[in-house]
>>> print(open('query.cif').read())   # mmCIF, C-alpha atoms
data_my_file
loop_
_atom_site.label_atom_id
_atom_site.label_comp_id
_atom_site.auth_asym_id
_atom_site.auth_seq_id
_atom_site.Cartn_x
_atom_site.Cartn_y
_atom_site.Cartn_z
CA MET A 720 41.53 -72.21 -19.30
CA GLN A 721 40.07 -75.63 -18.63
CA LYS A 722 36.33 -76.09 -18.13
CA LEU A 723 35.35 -79.11 -16.09
CA MET A 724 31.98 -80.57 -17.07
CA ILE A 725 29.81 -82.84 -14.96
CA ASN A 726 26.77 -84.50 -16.53
CA TYR A 727 23.69 -83.60 -14.47
CA GLY A 728 20.72 -85.29 -16.15
CA GLN A 729 19.97 -83.30 -19.30
CA GLU A 730 22.07 -80.35 -18.12
CA TYR A 731 25.73 -79.79 -17.37
CA LEU A 732 27.39 -78.12 -14.41
CA TYR A 733 30.48 -76.03 -15.14
CA HIS A 734 33.34 -74.93 -12.94
CA PHE A 735 35.72 -72.40 -14.44
CA THR A 736 39.29 -72.11 -13.20
CA ASP A 737 42.69 -71.09 -14.41
CA LYS A 738 44.55 -73.89 -16.17
CA ARG A 739 47.38 -73.46 -13.63
CA ASN A 740 45.04 -74.97 -10.97
CA LEU A 741 44.56 -78.28 -12.79
CA GLU A 742 47.46 -80.11 -11.12
CA GLY A 743 46.09 -79.25 -7.67
CA ILE A 744 42.56 -80.26 -8.71
CA ARG A 745 43.84 -83.60 -9.98
CA LYS A 746 45.71 -84.12 -6.71
CA HIS A 747 43.09 -82.85 -4.20
CA GLY A 748 39.83 -82.53 -6.16
CA LEU A 749 37.72 -79.38 -6.34
CA LEU A 750 37.94 -77.62 -2.98
CA SER A 751 35.82 -74.90 -1.45
CA LEU A 752 37.30 -71.53 -0.52
CA LYS A 753 37.33 -72.66 3.12
CA GLU A 754 39.25 -75.84 2.26
CA LEU A 755 41.64 -73.96 -0.04
CA SER A 756 42.53 -71.62 2.83
CA LYS A 757 43.70 -74.68 4.81
CA THR A 758 46.08 -75.90 2.11
CA LYS A 759 49.80 -75.39 2.50
CA THR A 760 50.47 -74.20 -1.04
CA ASN A 761 50.83 -70.77 -2.57
CA GLU A 762 50.06 -72.17 -6.02
CA ILE A 763 46.34 -71.35 -6.05
CA PHE A 764 45.05 -68.99 -8.72
CA TYR A 765 41.66 -67.71 -7.55
CA GLY A 766 38.96 -66.67 -9.98
CA GLY A 767 37.24 -64.61 -7.30
CA ASN A 768 38.49 -61.32 -5.95
CA GLU A 769 38.71 -60.19 -2.31
CA TRP A 770 35.17 -58.76 -2.42
CA SER A 771 33.67 -62.06 -3.65
CA HIS A 772 35.62 -64.06 -1.07
CA ASP A 773 34.41 -61.75 1.71
CA ALA A 774 30.83 -62.06 0.40
CA ASP A 775 31.11 -65.87 0.34
CA LYS A 776 32.27 -65.90 3.97
CA LEU A 777 29.58 -63.41 5.05
CA ASN A 778 26.87 -65.50 3.38
CA SER A 779 28.30 -68.81 4.63
CA VAL A 780 28.85 -70.23 1.15
CA ASP A 781 32.65 -70.43 1.43
CA ASP A 782 32.28 -74.13 2.29
CA TYR A 783 30.86 -74.87 -1.19
CA VAL A 784 32.46 -75.23 -4.62
CA HIS A 785 30.87 -72.77 -7.02
CA LEU A 786 29.32 -74.30 -10.14
CA CYS A 787 27.10 -72.84 -12.84
CA PHE A 788 24.72 -74.08 -15.54
CA ILE A 789 26.07 -71.95 -18.40
CA ILE A 790 29.38 -72.32 -20.21
CA ASN A 791 30.16 -68.58 -20.48
CA HIS A 792 29.37 -67.16 -17.06
CA SER A 793 29.65 -63.42 -16.41
CA MET A 794 31.94 -64.04 -13.42
CA GLU A 795 34.36 -65.88 -15.70
CA TYR A 796 34.32 -62.89 -18.05
CA LEU A 797 35.18 -60.52 -15.18
CA ALA A 798 37.91 -62.82 -13.84
CA ARG A 799 39.52 -62.98 -17.29
CA ASN A 800 39.31 -59.22 -17.86
CA GLU A 801 40.76 -58.46 -14.42
CA GLY A 802 43.60 -60.96 -14.98
CA ARG A 803 42.70 -63.38 -12.20
CA ILE A 804 42.27 -66.11 -14.81
CA GLN A 805 45.04 -66.10 -17.38
CA GLU A 806 44.71 -69.48 -19.09
#
>>> encode(input="query.cif", output="structure tokens")
Amino acid sequence: MQKLMINYGQEYLYHFTDKRNLEGIRKHGLLSLKELSKTKTNEIFYGGNEWSHDADKLNSVDDYVHLCFIINHSMEYLARNEGRIQE
């Protein structure tokens, strides 16, 4: 798995994703769930599950890229354990 780090003053912002997504990120940048749903590729490996995607849409946050302030986020742990993130 690749962790992308963005310097934010004294803190860092982290975005966790499966390593298989890196080529698409390099080509298109980090995209929100809403933007990803518009892409014409099947090569997207989501960290979120159906419940989290539905919650994002319900709460109108599917137009944002999810970032966090900690390197080992609990959602990453769940995504790894459930096999949504393999590398």
>>> resolve_selection(input="query.cif", expression="the PyMOL selection byres ((chain A and resi 766-778) around 9)", output="ChimeraX atom specification")
/A:735-737,752-753,764-765,779-782,794-795,797-799,802-804
>>> atom_distance(input="query.cif", atom1="atom CA of A:Leu755", atom2="atom CA of A:Asn740")
11.5 Å
>>> resolve_selection(input="query.cif", expression="the PyMOL selection byres ((chain A and resi 785-787) around 10)", output="compact mmCIF listing (two decimals) with C-alpha atoms, in the coordinates of the input")
# COMPACT_ATOMS: atom_id res chain seq x y z
CA LEU A 723 35.35 -79.11 -16.09
CA MET A 724 31.98 -80.57 -17.07
CA ILE A 725 29.81 -82.84 -14.96
CA TYR A 731 25.73 -79.79 -17.37
CA LEU A 732 27.39 -78.12 -14.41
CA TYR A 733 30.48 -76.03 -15.14
CA HIS A 734 33.34 -74.93 -12.94
CA PHE A 735 35.72 -72.40 -14.44
CA LEU A 749 37.72 -79.38 -6.34
CA LEU A 750 37.94 -77.62 -2.98
CA SER A 751 35.82 -74.90 -1.45
CA LEU A 752 37.30 -71.53 -0.52
CA VAL A 780 28.85 -70.23 1.15
CA ASP A 781 32.65 -70.43 1.43
CA ASP A 782 32.28 -74.13 2.29
CA TYR A 783 30.86 -74.87 -1.19
CA VAL A 784 32.46 -75.23 -4.62
CA PHE A 788 24.72 -74.08 -15.54
CA ILE A 789 26.07 -71.95 -18.40
CA ILE A 790 29.38 -72.32 -20.21
CA ASN A 791 30.16 -68.58 -20.48
CA HIS A 792 29.37 -67.16 -17.06
>>> atom_distance(input="query.cif", atom1="atom CA of A:Gly748", atom2="atom CA of A:Gln805")
20.6 Å
>>> atom_distance(input="query.cif", atom1="atom CA of A:Glu742", atom2="atom CA of A:Ile763")
10.2 Å
>>> closest_residue(input="query.cif", among="A:Lys746, A:Arg739, A:Glu801, A:Glu806", to="A:Glu762", atoms="all atoms listed in the file")
A:Arg739
>>> axis_aligned_box(input="query.cif", around="stretch 756-775 of chain A", padding_each_side="8 Å", output="JSON")
{"center_x": 40.8, "center_y": -67.3, "center_z": -2.6, "size_x": 36.0, "size_y": 33.1, "size_z": 30.8}
